[in-house]
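> Sharing a structure below in structure tokens format, with a few things to ask.
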Amino acid sequence: MELKLNINDKLHVLDIEPGDLLVDVLRKSGYKSVKIGCREGTCGTCTILLNGNAVNSCLVFAADCEGASIHSVESLGTMAEPHPLQEAFVKHGATQCGYCNPGSLLSAKALLNEKPDPTEEEVKEALDGNLCRCTGYVKRIEAILAASKKMRS
């Protein structure tokens with residue numbers, strides 16, 4: 001079946017099977033930042049922004065996304081001009097192996113889009129579905145709060 005998606009502000013027309021999961025369709029389309037982890041919606045490595053909301057793409061049928069707007073971490077920034085969240089993750093040592101970074105960054109982006117000045121508790125809540133075995137969470141929380149401040153100024 002044919003599926004039209006707006007991925008990172010670019011229209012894509014994809015040929016999919018009715019049972020394809022969004023995570024698999026995105027990876028087959030070249031969006032390798034969308035990681036495959038648990039395939040159960042518990043680790044957050046497959047997090048994307050679907051119409052502005054952070055969702056686990058391993059739990060979404062691609063066919064249900066006809067015409068949707070999807071953003072992966074590739075839409076945040078570039079090496080030359082990183083997004084303030086990306087800069088803050090590096091500056092605050094909130095990244096090590098990097099496997100979980102895309103999902104955590106997009107969960108943070110969804111939060112900051114909704115609440116530009118979140119509390120520490122709101123940041124914790126936003127990251128609740130994103131597991132990180134290397135860095136942990138304290139540095140990520142600090143990074144998100146710092147990025148929030150920078151983005152507001």
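Naming works like this for the structure tokens: A, B, ... for the chains as they're shown, residue 1 at the start of each chain, ligands 1 onward in shown order.
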Which residues are close to Pro18 of chain A, i.e. within 12 Å by only C-alpha atoms, leaving aside same-chain residues fewer than 6 positions away? Reply as a ChimeraX atom specification.

/A:1-3,25,60-66

> Which residues in segment 12-78 of chain A does DSSP call strand (DSSP E or B)? List them as a list in words.

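Residues meeting the strand (DSSP E or B) criterion: His12, Val13, Leu14, Asp15, Leu21, Thr47, Ile48, Leu49, Leu50, Asn53, Ala54, Val55, Asn56, Phe61, Ser69, Ile70 and His71 of chain A.
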
> Store the residues of this selection in a file with N, CA, C and O atoms, as a tab-separated table (two decimals), in the first residue's frame.


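The new file selection_12.tsv reads:
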```tsv
chain	number	residue	atom	x	y	z
A	12	HIS	N	7.30	12.27	1.72
A	12	HIS	CA	7.73	10.95	1.27
A	12	HIS	C	6.50	10.15	0.88
A	12	HIS	O	5.50	10.16	1.59
A	13	VAL	N	6.59	9.44	-0.24
A	13	VAL	CA	5.56	8.49	-0.64
A	13	VAL	C	6.23	7.12	-0.58
A	13	VAL	O	7.17	6.85	-1.32
A	14	LEU	N	5.75	6.28	0.33
A	14	LEU	CA	6.40	5.01	0.62
A	14	LEU	C	5.48	3.84	0.30
A	14	LEU	O	4.26	3.94	0.43
A	15	ASP	N	6.09	2.75	-0.10
A	15	ASP	CA	5.35	1.51	-0.34
A	15	ASP	C	5.53	0.64	0.90
A	15	ASP	O	6.66	0.26	1.23
A	21	LEU	N	5.49	-1.70	11.07
A	21	LEU	CA	5.61	-0.75	12.18
A	21	LEU	C	6.36	0.49	11.70
A	21	LEU	O	7.26	0.41	10.85
A	47	THR	N	11.90	6.62	19.90
A	47	THR	CA	11.06	7.80	20.04
A	47	THR	C	11.23	8.75	18.86
A	47	THR	O	12.34	9.04	18.43
A	48	ILE	N	10.09	9.21	18.35
A	48	ILE	CA	10.03	10.21	17.29
A	48	ILE	C	8.97	11.22	17.70
A	48	ILE	O	8.24	11.00	18.67
A	49	LEU	N	8.90	12.33	16.97
A	49	LEU	CA	7.80	13.26	17.17
A	49	LEU	C	6.78	12.99	16.08
A	49	LEU	O	7.09	13.08	14.89
A	50	LEU	N	5.59	12.62	16.49
A	50	LEU	CA	4.49	12.33	15.57
A	50	LEU	C	3.46	13.43	15.79
A	50	LEU	O	2.86	13.51	16.85
A	53	ASN	N	4.08	15.18	19.03
A	53	ASN	CA	4.09	14.42	20.28
A	53	ASN	C	5.15	13.34	20.26
A	53	ASN	O	5.30	12.63	19.25
A	54	ALA	N	5.86	13.18	21.37
A	54	ALA	CA	6.85	12.12	21.48
A	54	ALA	C	6.12	10.78	21.60
A	54	ALA	O	5.28	10.60	22.48
A	55	VAL	N	6.43	9.86	20.68
A	55	VAL	CA	5.81	8.53	20.70
A	55	VAL	C	6.86	7.47	20.41
A	55	VAL	O	7.86	7.73	19.75
A	56	ASN	N	6.60	6.28	20.90
A	56	ASN	CA	7.44	5.12	20.59
A	56	ASN	C	7.01	4.58	19.24
A	56	ASN	O	5.92	4.01	19.12
A	61	PHE	N	1.53	1.48	14.00
A	61	PHE	CA	1.46	0.96	12.65
A	61	PHE	C	1.67	2.12	11.69
A	61	PHE	O	1.01	3.17	11.81
A	69	SER	N	2.90	14.28	10.25
A	69	SER	CA	4.18	14.98	10.32
A	69	SER	C	5.05	14.24	11.33
A	69	SER	O	4.67	14.09	12.50
A	70	ILE	N	6.20	13.79	10.87
A	70	ILE	CA	7.13	13.03	11.71
A	70	ILE	C	8.46	13.75	11.74
A	70	ILE	O	8.95	14.22	10.70
A	71	HIS	N	9.03	13.84	12.92
A	71	HIS	CA	10.38	14.40	13.06
A	71	HIS	C	11.26	13.40	13.80
A	71	HIS	O	10.87	12.88	14.85
```

> Enter the distance from atom CA of Ala146 of chain A to atom CA of Glu125 of chain A, in Å, rounded to one decimal.

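Distance between the two atoms: 16.7 Å.
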
> Give me, as CSV, the closest atom pair and its distance (Å, one decimal) for every residue of segment 50-85 of chain A within a cut-off of 12 Å of segment 134-144 of chain A, counting only C-alpha atoms, rows sorted by chain and rising number.


```
residue,atom,partner,partner_atom,distance
A:His83,CA,A:Ile144,CA,11.6
A:Pro84,CA,A:Ile144,CA,9.0
A:Leu85,CA,A:Ile144,CA,6.4
```

> For atom CA of Lys109 of chain A and atom CA of Arg39 of chain A, determine how far apart the two atoms are, in Å to one decimal place.

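For atom CA of Lys109 of chain A relative to atom CA of Arg39 of chain A, the distance reads 22.2 Å.
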
> Counting only C-alpha atoms, figure out which residue out of A:Glu122, A:Arg152, A:Leu106, A:Leu127 gets nearest to Thr42 of chain A.

A:Leu127

> Pick from A:Ile36, A:Cys100, A:Met151, A:Cys58: nearest to Glu87 of chain A, with only C-alpha atoms counted?

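The closest residue to Glu87 of chain A is A:Met151.
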
> Step one, run DSSP on the backbone; step two, keep only residues of chain A assigned to helix (DSSP H, G or I); then write them as a ChimeraX atom specification.

/A:22-28,57-59,62-65,73-75,84-91,101-114,120-126,138-152

> List as JSON, numbers by chain the protein and nucleic acid residues near Val34 of chain A, meaning an atom at most 8 Å away when only C-alpha atoms are counted, but skip any in the same chain fewer than 5 places from it.

{"A": [23, 26, 27, 45, 46, 47, 48, 72, 73, 102, 103]}

> When you draw a straight line from atom CA of Ser104 of chain A to atom CA of Gly44 of chain A, how long is it in Å?

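Result for atom CA of Ser104 of chain A versus atom CA of Gly44 of chain A: 7.4 Å, one decimal.
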
> When you count only C-alpha atoms, which of these residues is closest to Gly41 of chain A: A:Leu131, A:Ile16, A:Ala108, A:Leu76?

A:Leu131

> Which one is closest to Gly37 of chain A: A:Val123, A:Asn51, A:Asn130, A:Ser153? Count only C-alpha atoms.

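Between A:Val123, A:Asn51, A:Asn130, A:Ser153, the residue approaching Gly37 of chain A most closely is A:Asn130.
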
> Which one of A:Thr78, A:Thr95, A:Ser57, A:Ser148 sits closest to Leu111 of chain A if you count only C-alpha atoms?

A:Ser148
